[in-house]
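A.B. asks: structure22.txt (compact mmCIF, N, CA and C atoms) pasted underneath:
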# COMPACT_ATOMS: atom_id res chain seq x y z
N MET A 11 -4.98 2.62 29.90
CA MET A 11 -3.74 2.10 29.36
C MET A 11 -2.99 3.27 28.69
N PRO A 12 -1.71 3.43 28.96
CA PRO A 12 -0.95 4.55 28.37
C PRO A 12 -0.87 4.44 26.85
N LYS A 13 -0.94 5.59 26.19
CA LYS A 13 -0.93 5.57 24.73
C LYS A 13 0.40 5.06 24.18
N PHE A 14 1.51 5.27 24.89
CA PHE A 14 2.79 4.75 24.42
C PHE A 14 2.75 3.22 24.36
N LEU A 15 2.16 2.61 25.38
CA LEU A 15 2.05 1.15 25.39
C LEU A 15 1.16 0.66 24.24
N LEU A 16 0.06 1.36 24.00
CA LEU A 16 -0.81 1.01 22.87
C LEU A 16 -0.06 1.13 21.54
N PHE A 17 0.77 2.16 21.42
CA PHE A 17 1.56 2.35 20.21
C PHE A 17 2.55 1.21 20.02
N VAL A 18 3.23 0.82 21.09
CA VAL A 18 4.19 -0.28 21.02
C VAL A 18 3.49 -1.58 20.63
N ILE A 19 2.33 -1.83 21.22
CA ILE A 19 1.56 -3.04 20.88
C ILE A 19 1.16 -3.02 19.41
N ALA A 20 0.68 -1.87 18.93
CA ALA A 20 0.26 -1.76 17.53
C ALA A 20 1.43 -1.96 16.58
N LEU A 21 2.58 -1.36 16.90
CA LEU A 21 3.77 -1.56 16.06
C LEU A 21 4.25 -3.00 16.10
N PHE A 22 4.23 -3.61 17.27
CA PHE A 22 4.65 -5.00 17.42
C PHE A 22 3.76 -5.91 16.58
N TRP A 23 2.45 -5.70 16.66
CA TRP A 23 1.53 -6.54 15.89
C TRP A 23 1.72 -6.31 14.38
N THR A 24 1.96 -5.08 13.98
CA THR A 24 2.23 -4.79 12.57
C THR A 24 3.46 -5.56 12.11
N GLY A 25 4.49 -5.59 12.94
CA GLY A 25 5.70 -6.34 12.62
C GLY A 25 5.44 -7.84 12.52
N ILE A 26 4.64 -8.36 13.43
CA ILE A 26 4.28 -9.80 13.41
C ILE A 26 3.57 -10.13 12.09
N VAL A 27 2.60 -9.33 11.73
CA VAL A 27 1.84 -9.57 10.49
C VAL A 27 2.77 -9.50 9.29
N ALA A 28 3.58 -8.45 9.22
CA ALA A 28 4.50 -8.29 8.09
C ALA A 28 5.46 -9.48 8.01
N TYR A 29 6.02 -9.87 9.14
CA TYR A 29 6.97 -10.98 9.13
C TYR A 29 6.33 -12.27 8.60
N PHE A 30 5.20 -12.66 9.18
CA PHE A 30 4.61 -13.92 8.78
C PHE A 30 4.00 -13.89 7.38
N CYS A 31 3.70 -12.71 6.88
CA CYS A 31 3.19 -12.62 5.51
C CYS A 31 4.31 -12.56 4.48
N LEU A 32 5.52 -12.18 4.90
CA LEU A 32 6.61 -12.02 3.94
C LEU A 32 7.72 -13.06 4.08
N VAL A 33 7.73 -13.83 5.16
CA VAL A 33 8.75 -14.86 5.32
C VAL A 33 8.51 -15.93 4.25
N GLU A 34 9.58 -16.53 3.80
CA GLU A 34 9.45 -17.60 2.81
C GLU A 34 8.53 -18.69 3.35
N SER A 35 7.61 -19.14 2.55
CA SER A 35 6.62 -20.10 3.03
C SER A 35 7.26 -21.43 3.42
N SER A 36 8.43 -21.72 2.91
CA SER A 36 9.11 -22.97 3.28
C SER A 36 9.58 -22.94 4.74
N GLU A 37 9.64 -21.75 5.35
CA GLU A 37 10.08 -21.62 6.74
C GLU A 37 8.92 -21.73 7.73
N ILE A 38 7.70 -21.81 7.22
CA ILE A 38 6.53 -21.89 8.09
C ILE A 38 6.03 -23.33 8.10
N PRO A 39 5.82 -23.90 9.28
CA PRO A 39 5.30 -25.27 9.32
C PRO A 39 3.93 -25.36 8.66
N THR A 40 3.67 -26.44 7.98
CA THR A 40 2.39 -26.60 7.31
C THR A 40 1.45 -27.47 8.15
N ILE A 41 0.21 -27.06 8.16
CA ILE A 41 -0.85 -27.81 8.83
C ILE A 41 -1.94 -28.00 7.78
N ASP A 42 -2.38 -29.22 7.61
CA ASP A 42 -3.33 -29.52 6.55
C ASP A 42 -4.77 -29.30 7.00
N ILE A 43 -5.13 -28.03 7.12
CA ILE A 43 -6.50 -27.63 7.44
C ILE A 43 -6.97 -26.72 6.30
N PRO A 44 -8.08 -27.09 5.65
CA PRO A 44 -8.56 -26.27 4.53
C PRO A 44 -8.81 -24.82 4.94
N ASN A 45 -8.32 -23.91 4.13
CA ASN A 45 -8.53 -22.46 4.31
C ASN A 45 -7.95 -21.89 5.60
N LEU A 46 -7.03 -22.60 6.22
CA LEU A 46 -6.39 -22.08 7.43
C LEU A 46 -5.70 -20.75 7.14
N ASP A 47 -5.08 -20.64 5.98
CA ASP A 47 -4.40 -19.41 5.58
C ASP A 47 -5.36 -18.22 5.62
N LYS A 48 -6.57 -18.41 5.13
CA LYS A 48 -7.55 -17.31 5.11
C LYS A 48 -7.99 -16.95 6.52
N CYS A 49 -8.13 -17.97 7.38
CA CYS A 49 -8.49 -17.70 8.78
C CYS A 49 -7.39 -16.91 9.48
N ILE A 50 -6.14 -17.23 9.17
CA ILE A 50 -5.02 -16.51 9.77
C ILE A 50 -5.01 -15.06 9.29
N HIS A 51 -5.24 -14.84 8.00
CA HIS A 51 -5.33 -13.47 7.48
C HIS A 51 -6.45 -12.70 8.18
N THR A 52 -7.59 -13.34 8.35
CA THR A 52 -8.71 -12.69 9.02
C THR A 52 -8.34 -12.31 10.46
N PHE A 53 -7.73 -13.24 11.18
CA PHE A 53 -7.30 -12.98 12.55
C PHE A 53 -6.27 -11.86 12.61
N PHE A 54 -5.25 -11.94 11.74
CA PHE A 54 -4.22 -10.91 11.71
C PHE A 54 -4.83 -9.51 11.57
N HIS A 55 -5.76 -9.36 10.64
CA HIS A 55 -6.31 -8.02 10.38
C HIS A 55 -7.39 -7.62 11.38
N PHE A 56 -8.03 -8.60 12.00
CA PHE A 56 -8.93 -8.27 13.11
C PHE A 56 -8.14 -7.60 14.23
N VAL A 57 -7.06 -8.25 14.65
CA VAL A 57 -6.24 -7.71 15.73
C VAL A 57 -5.57 -6.41 15.29
N PHE A 58 -5.05 -6.39 14.05
CA PHE A 58 -4.38 -5.20 13.51
C PHE A 58 -5.30 -3.98 13.61
N THR A 59 -6.53 -4.13 13.12
CA THR A 59 -7.48 -3.02 13.14
C THR A 59 -7.82 -2.62 14.56
N LEU A 60 -8.00 -3.60 15.42
CA LEU A 60 -8.37 -3.33 16.81
C LEU A 60 -7.27 -2.58 17.55
N VAL A 61 -6.03 -3.05 17.46
CA VAL A 61 -4.96 -2.39 18.22
C VAL A 61 -4.66 -0.99 17.67
N TRP A 62 -4.74 -0.81 16.36
CA TRP A 62 -4.54 0.54 15.82
C TRP A 62 -5.70 1.46 16.18
N PHE A 63 -6.92 0.92 16.23
CA PHE A 63 -8.05 1.72 16.69
C PHE A 63 -7.81 2.20 18.13
N LEU A 64 -7.42 1.27 19.01
CA LEU A 64 -7.21 1.64 20.41
C LEU A 64 -6.16 2.73 20.54
N TYR A 65 -5.07 2.58 19.79
CA TYR A 65 -4.03 3.60 19.85
C TYR A 65 -4.54 4.93 19.30
N LEU A 66 -5.15 4.91 18.12
CA LEU A 66 -5.61 6.17 17.50
C LEU A 66 -6.67 6.86 18.35
N ARG A 67 -7.55 6.09 18.94
CA ARG A 67 -8.58 6.70 19.79
C ARG A 67 -7.94 7.40 20.97
N LYS A 68 -6.95 6.77 21.57
CA LYS A 68 -6.25 7.37 22.72
C LYS A 68 -5.40 8.56 22.27
N GLN A 69 -4.68 8.40 21.16
CA GLN A 69 -3.78 9.44 20.67
C GLN A 69 -4.54 10.68 20.21
N LEU A 70 -5.59 10.47 19.43
CA LEU A 70 -6.32 11.60 18.84
C LEU A 70 -7.36 12.18 19.79
N GLN A 71 -7.67 11.47 20.85
CA GLN A 71 -8.59 11.90 21.89
C GLN A 71 -9.94 12.36 21.35
N TYR A 72 -10.48 11.59 20.42
CA TYR A 72 -11.83 11.87 19.92
C TYR A 72 -12.84 11.38 20.93
N SER A 73 -13.94 12.09 21.01
CA SER A 73 -14.98 11.70 21.96
C SER A 73 -15.81 10.53 21.42
N ASN A 74 -15.81 10.34 20.11
CA ASN A 74 -16.53 9.19 19.56
C ASN A 74 -15.56 8.25 18.85
N VAL A 75 -16.06 7.13 18.39
CA VAL A 75 -15.20 6.10 17.82
C VAL A 75 -15.09 6.18 16.30
N ILE A 76 -15.89 6.99 15.66
CA ILE A 76 -16.01 6.95 14.20
C ILE A 76 -14.70 7.24 13.48
N ARG A 77 -14.08 8.35 13.75
CA ARG A 77 -12.88 8.73 13.01
C ARG A 77 -11.70 7.78 13.25
N PRO A 78 -11.34 7.47 14.51
CA PRO A 78 -10.22 6.52 14.70
C PRO A 78 -10.55 5.13 14.17
N LEU A 79 -11.80 4.73 14.22
CA LEU A 79 -12.19 3.43 13.68
C LEU A 79 -12.06 3.43 12.16
N PHE A 80 -12.48 4.50 11.52
CA PHE A 80 -12.33 4.61 10.07
C PHE A 80 -10.86 4.59 9.67
N TYR A 81 -10.03 5.35 10.38
CA TYR A 81 -8.59 5.39 10.07
C TYR A 81 -7.93 4.02 10.24
N SER A 82 -8.25 3.34 11.32
CA SER A 82 -7.64 2.03 11.56
C SER A 82 -8.14 1.01 10.54
N PHE A 83 -9.40 1.07 10.17
CA PHE A 83 -9.95 0.18 9.15
C PHE A 83 -9.26 0.42 7.80
N LEU A 84 -9.16 1.69 7.42
CA LEU A 84 -8.51 2.04 6.16
C LEU A 84 -7.03 1.64 6.17
N PHE A 85 -6.35 1.88 7.27
CA PHE A 85 -4.95 1.52 7.40
C PHE A 85 -4.77 0.00 7.24
N SER A 86 -5.67 -0.77 7.83
CA SER A 86 -5.61 -2.23 7.71
C SER A 86 -5.77 -2.66 6.25
N LEU A 87 -6.72 -2.07 5.55
CA LEU A 87 -6.92 -2.43 4.14
C LEU A 87 -5.71 -2.06 3.29
N ILE A 88 -5.18 -0.86 3.49
CA ILE A 88 -4.02 -0.42 2.71
C ILE A 88 -2.80 -1.28 3.04
N PHE A 89 -2.59 -1.56 4.31
CA PHE A 89 -1.48 -2.41 4.73
C PHE A 89 -1.61 -3.80 4.09
N GLY A 90 -2.81 -4.35 4.07
CA GLY A 90 -3.04 -5.65 3.46
C GLY A 90 -2.72 -5.66 1.98
N ILE A 91 -3.09 -4.60 1.28
CA ILE A 91 -2.79 -4.49 -0.16
C ILE A 91 -1.28 -4.41 -0.37
N ILE A 92 -0.61 -3.60 0.43
CA ILE A 92 0.84 -3.46 0.31
C ILE A 92 1.53 -4.80 0.55
N ILE A 93 1.11 -5.52 1.58
CA ILE A 93 1.70 -6.82 1.88
C ILE A 93 1.50 -7.79 0.71
N GLU A 94 0.32 -7.79 0.11
CA GLU A 94 0.07 -8.68 -1.03
C GLU A 94 1.01 -8.34 -2.20
N PHE A 95 1.19 -7.06 -2.48
CA PHE A 95 2.12 -6.67 -3.54
C PHE A 95 3.55 -7.06 -3.19
N LEU A 96 3.94 -6.86 -1.94
CA LEU A 96 5.30 -7.24 -1.51
C LEU A 96 5.51 -8.75 -1.61
N GLN A 97 4.47 -9.53 -1.32
CA GLN A 97 4.59 -10.98 -1.48
C GLN A 97 4.89 -11.32 -2.94
N GLN A 98 4.23 -10.65 -3.84
CA GLN A 98 4.43 -10.91 -5.26
C GLN A 98 5.81 -10.46 -5.72
N LEU A 99 6.24 -9.30 -5.24
CA LEU A 99 7.48 -8.70 -5.74
C LEU A 99 8.74 -9.15 -5.02
N CYS A 100 8.65 -9.45 -3.73
CA CYS A 100 9.85 -9.64 -2.92
C CYS A 100 10.08 -11.06 -2.43
N THR A 101 9.16 -11.97 -2.66
CA THR A 101 9.35 -13.34 -2.20
C THR A 101 9.32 -14.28 -3.38
N THR A 102 9.96 -15.42 -3.20
CA THR A 102 9.97 -16.41 -4.29
C THR A 102 8.98 -17.54 -4.05
N THR A 103 8.50 -17.68 -2.81
CA THR A 103 7.59 -18.78 -2.52
C THR A 103 6.17 -18.31 -2.23
N ARG A 104 5.92 -17.03 -2.44
CA ARG A 104 4.59 -16.48 -2.19
C ARG A 104 4.14 -15.66 -3.38
N SER A 105 2.84 -15.47 -3.47
CA SER A 105 2.30 -14.63 -4.54
C SER A 105 1.09 -13.87 -4.01
N ALA A 106 0.76 -12.80 -4.68
CA ALA A 106 -0.41 -12.01 -4.29
C ALA A 106 -1.66 -12.86 -4.51
N ASP A 107 -2.61 -12.72 -3.61
CA ASP A 107 -3.83 -13.52 -3.69
C ASP A 107 -5.02 -12.62 -3.34
N PHE A 108 -5.94 -12.47 -4.27
CA PHE A 108 -7.11 -11.64 -4.06
C PHE A 108 -7.91 -12.13 -2.85
N PHE A 109 -7.98 -13.44 -2.66
CA PHE A 109 -8.75 -13.99 -1.55
C PHE A 109 -8.08 -13.73 -0.19
N ASP A 110 -6.78 -13.55 -0.19
CA ASP A 110 -6.10 -13.09 1.04
C ASP A 110 -6.58 -11.68 1.38
N PHE A 111 -6.68 -10.83 0.36
CA PHE A 111 -7.17 -9.47 0.59
C PHE A 111 -8.60 -9.50 1.12
N ILE A 112 -9.43 -10.37 0.57
CA ILE A 112 -10.81 -10.49 1.06
C ILE A 112 -10.81 -10.92 2.53
N ALA A 113 -9.96 -11.89 2.87
CA ALA A 113 -9.85 -12.34 4.26
C ALA A 113 -9.37 -11.20 5.15
N ASN A 114 -8.42 -10.40 4.67
CA ASN A 114 -7.95 -9.23 5.42
C ASN A 114 -9.10 -8.27 5.68
N ALA A 115 -9.88 -8.00 4.65
CA ALA A 115 -11.01 -7.07 4.76
C ALA A 115 -12.06 -7.61 5.73
N ILE A 116 -12.30 -8.91 5.70
CA ILE A 116 -13.26 -9.51 6.63
C ILE A 116 -12.77 -9.33 8.07
N GLY A 117 -11.48 -9.56 8.31
CA GLY A 117 -10.94 -9.35 9.64
C GLY A 117 -11.10 -7.92 10.10
N ALA A 118 -10.82 -6.96 9.21
CA ALA A 118 -10.97 -5.55 9.56
C ALA A 118 -12.44 -5.21 9.82
N LEU A 119 -13.34 -5.77 9.02
CA LEU A 119 -14.78 -5.54 9.23
C LEU A 119 -15.25 -6.14 10.56
N LEU A 120 -14.75 -7.32 10.90
CA LEU A 120 -15.11 -7.92 12.19
C LEU A 120 -14.64 -7.05 13.35
N ALA A 121 -13.45 -6.46 13.21
CA ALA A 121 -12.96 -5.54 14.25
C ALA A 121 -13.85 -4.31 14.33
N LEU A 122 -14.25 -3.80 13.18
CA LEU A 122 -15.14 -2.63 13.14
C LEU A 122 -16.43 -2.93 13.88
N PHE A 123 -17.04 -4.07 13.58
CA PHE A 123 -18.29 -4.43 14.25
C PHE A 123 -18.07 -4.67 15.75
N THR A 124 -16.95 -5.25 16.11
CA THR A 124 -16.63 -5.48 17.52
C THR A 124 -16.53 -4.16 18.27
N VAL A 125 -15.83 -3.20 17.68
CA VAL A 125 -15.69 -1.89 18.32
C VAL A 125 -17.05 -1.21 18.46
N VAL A 126 -17.85 -1.27 17.41
CA VAL A 126 -19.17 -0.64 17.47
C VAL A 126 -20.01 -1.28 18.58
N LEU A 127 -19.99 -2.60 18.68
CA LEU A 127 -20.73 -3.28 19.74
C LEU A 127 -20.19 -2.94 21.13
N CYS A 128 -18.88 -2.96 21.26
CA CYS A 128 -18.27 -2.62 22.55
C CYS A 128 -18.59 -1.18 22.94
N ASN A 129 -18.59 -0.30 21.97
CA ASN A 129 -18.92 1.10 22.24
C ASN A 129 -20.39 1.22 22.65
N ARG A 130 -21.23 0.47 21.99
CA ARG A 130 -22.67 0.51 22.28
C ARG A 130 -22.95 0.12 23.73
N PHE A 131 -22.18 -0.85 24.23
CA PHE A 131 -22.39 -1.34 25.59
C PHE A 131 -21.36 -0.78 26.59
N ASN A 132 -20.70 0.32 26.21
CA ASN A 132 -19.76 1.04 27.07
C ASN A 132 -18.62 0.18 27.60
N ILE A 133 -18.20 -0.82 26.85
CA ILE A 133 -17.11 -1.69 27.28
C ILE A 133 -15.75 -1.00 27.10
N LEU A 134 -15.65 -0.09 26.14
CA LEU A 134 -14.38 0.57 25.85
C LEU A 134 -13.98 1.62 26.87
N ASN A 135 -14.89 2.04 27.71
CA ASN A 135 -14.59 3.12 28.65
C ASN A 135 -13.40 2.83 29.56
N ASN A 136 -13.25 1.59 30.00
CA ASN A 136 -12.12 1.24 30.88
C ASN A 136 -10.78 1.42 30.20
N VAL A 137 -10.70 1.15 28.91
CA VAL A 137 -9.44 1.28 28.17
C VAL A 137 -9.03 2.74 28.07
N PHE A 138 -9.99 3.63 27.98
CA PHE A 138 -9.68 5.04 27.73
C PHE A 138 -9.66 5.91 28.96
N LYS A 139 -9.80 5.31 30.12
CA LYS A 139 -9.65 6.08 31.36
C LYS A 139 -8.18 6.40 31.54
N ASN A 140 -7.90 7.56 32.10
CA ASN A 140 -6.50 7.95 32.34
C ASN A 140 -5.99 7.19 33.47
Take the structure from the file and write it as structure tokens.
C.D. replies:
Amino acid sequence: MPKFLLFVIALFWTGIVAYFCLVESSEIPTIDIPNLDKCIHTFFHFVFTLVWFLYLRKQLQYSNVIRPLFYSFLFSLIFGIIIEFLQQLCTTTRSADFFDFIANAIGALLALFTVVLCNRFNILNNVFKN
């Protein structure tokens, strides 16, 4: 997969996460499922970490997964913290939530474990072929 396409996908997903985390909550339909919000945060950061890992691995051309995986994991955590602060400072219907950050971190950790498993079983090789 071309690195430009991976970059576009990563930027697009970053925009999706930012939009849905910062839009006024009154504009989002409500579904009465306990902890659905935390599941969404986990999913958002799972995908966020994964797509940024794929891009960084292709862009930086490392032979192993450690460095791009660490960078994408760290980027996901920092992005999650920034979004929580922006929710507190820039929205009127949202507030920062420590448990949202925990859900973000769980999503990033799940992506980390997924990449490690995929790497262990050589599943990632097809993505990184020219």
A.B. asks: Mind pulling up the distance from atom N of Val75 of chain A to atom N of Phe131 of chain A?
C.D. replies: 11.6 Å
A.B. asks: Residues of segment 33-111 of chain A in alpha helix (DSSP H) according to DSSP, as a ChimeraX atom specification?
C.D. replies: /A:46-70,76-100,108-111
A.B. asks: For Phe83 of chain A, which residue out of A:Leu16, A:Leu96, A:Ala106, A:Leu119 is the nearest one, using all atoms listed in the file?
C.D. replies: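 Of A:Leu16, A:Leu96, A:Ala106, A:Leu119, the one nearest Phe83 of chain A is A:Leu119, counting all atoms listed in the file.
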A.B. asks: Report as a Markdown table the residues of segment 71-119 of chain A within 8 Å of segment 38-47 of chain A, each with its shortest atom pair and distance in Å (one decimal), using all atoms listed in the file, ordered by chain and increasing residue number.
C.D. replies:
| residue | atom | partner | partner_atom | distance |
| --- | --- | --- | --- | --- |
| A:Phe109 | C | A:Asp47 | C | 7.8 |
| A:Asp110 | CA | A:Asp47 | C | 6.9 |
| A:Ala113 | CA | A:Asp47 | C | 7.5 |
A.B. asks: Please determine, counting only C-alpha atoms, which residue among A:Ile133, A:Cys31, A:Leu99, A:Leu70 has the shortest atom-to-atom distance to Ile50 of chain A.
C.D. replies: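 Under the stated criterion, the closest residue is A:Cys31.
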A.B. asks: Give me segment 42-135 of chain A from this structure - C-alpha atoms, as a compact mmCIF listing (two decimals), in the first residue's frame.
C.D. replies:
# COMPACT_ATOMS: atom_id res chain seq x y z
CA ASP A 42 -28.87 4.01 25.91
CA ILE A 43 -26.13 1.39 26.22
CA PRO A 44 -24.04 1.48 29.41
CA ASN A 45 -20.42 2.56 28.82
CA LEU A 46 -20.91 2.86 25.05
CA ASP A 47 -18.90 6.09 25.19
CA LYS A 48 -15.89 4.23 26.63
CA CYS A 49 -16.17 1.51 23.97
CA ILE A 50 -16.18 4.19 21.27
CA HIS A 51 -13.08 5.83 22.78
CA THR A 52 -11.36 2.44 22.85
CA PHE A 53 -12.27 1.77 19.21
CA PHE A 54 -11.23 5.26 18.09
CA HIS A 55 -7.76 4.90 19.62
CA PHE A 56 -7.32 1.29 18.53
CA VAL A 57 -7.78 2.35 14.91
CA PHE A 58 -5.86 5.62 15.46
CA THR A 59 -2.80 3.78 16.77
CA LEU A 60 -3.01 1.12 14.08
CA VAL A 61 -3.27 3.47 11.09
CA TRP A 62 -0.50 5.75 12.38
CA PHE A 63 1.68 2.69 13.01
CA LEU A 64 1.13 1.50 9.43
CA TYR A 65 2.02 4.90 8.04
CA LEU A 66 5.08 5.40 10.28
CA ARG A 67 6.39 1.91 9.58
CA LYS A 68 6.14 2.54 5.83
CA GLN A 69 7.44 6.13 6.04
CA LEU A 70 10.38 5.47 8.35
CA GLN A 71 11.22 2.13 6.71
CA TYR A 72 12.31 0.43 9.91
CA SER A 73 13.03 -3.25 9.65
CA ASN A 74 11.27 -3.95 12.94
CA VAL A 75 8.01 -2.73 14.46
CA ILE A 76 9.27 -1.38 17.78
CA ARG A 77 10.04 2.26 17.00
CA PRO A 78 7.02 3.07 14.76
CA LEU A 79 4.76 1.18 17.18
CA PHE A 80 6.12 3.17 20.12
CA TYR A 81 5.69 6.47 18.24
CA SER A 82 2.12 5.68 17.19
CA PHE A 83 1.22 4.52 20.71
CA LEU A 84 2.69 7.66 22.25
CA PHE A 85 1.01 9.87 19.63
CA SER A 86 -2.34 8.24 20.44
CA LEU A 87 -1.93 8.90 24.16
CA ILE A 88 -0.86 12.52 23.65
CA PHE A 89 -3.65 13.12 21.13
CA GLY A 90 -6.17 11.67 23.61
CA ILE A 91 -4.95 13.98 26.38
CA ILE A 92 -5.14 17.01 24.09
CA ILE A 93 -8.68 16.10 23.02
CA GLU A 94 -9.77 15.76 26.66
CA PHE A 95 -8.37 19.21 27.47
CA LEU A 96 -10.02 20.68 24.37
CA GLN A 97 -13.34 19.16 25.42
CA GLN A 98 -13.03 20.94 28.75
CA LEU A 99 -11.86 24.26 27.30
CA CYS A 100 -13.65 24.58 23.96
CA THR A 101 -17.03 22.89 24.32
CA THR A 102 -20.03 23.70 26.46
CA THR A 103 -21.62 20.25 26.51
CA ARG A 104 -18.52 18.16 27.15
CA SER A 105 -15.92 17.90 29.86
CA ALA A 106 -12.61 16.17 30.37
CA ASP A 107 -12.99 12.66 31.74
CA PHE A 108 -10.16 10.59 33.19
CA PHE A 109 -12.01 7.39 32.26
CA ASP A 110 -12.13 8.51 28.62
CA PHE A 111 -8.34 8.74 28.76
CA ILE A 112 -8.18 5.24 30.26
CA ALA A 113 -10.41 3.97 27.42
CA ASN A 114 -8.13 5.73 24.91
CA ALA A 115 -5.08 4.05 26.45
CA ILE A 116 -6.79 0.65 26.37
CA GLY A 117 -7.53 1.11 22.67
CA ALA A 118 -3.91 2.06 21.99
CA LEU A 119 -2.69 -0.94 24.03
CA LEU A 120 -5.00 -3.29 22.11
CA ALA A 121 -3.54 -1.94 18.85
CA LEU A 122 -0.03 -2.48 20.23
CA PHE A 123 -0.81 -6.10 21.09
CA THR A 124 -2.50 -6.62 17.72
CA VAL A 125 0.57 -5.36 15.86
CA VAL A 126 2.89 -7.51 17.96
CA LEU A 127 0.75 -10.59 17.25
CA CYS A 128 0.46 -9.80 13.55
CA ASN A 129 4.20 -9.27 13.37
CA ARG A 130 4.82 -12.54 15.19
CA PHE A 131 2.80 -14.42 12.58
CA ASN A 132 4.15 -12.40 9.60
CA ILE A 133 0.72 -10.98 8.75
CA LEU A 134 2.08 -7.44 8.26
CA ASN A 135 4.41 -8.39 5.42
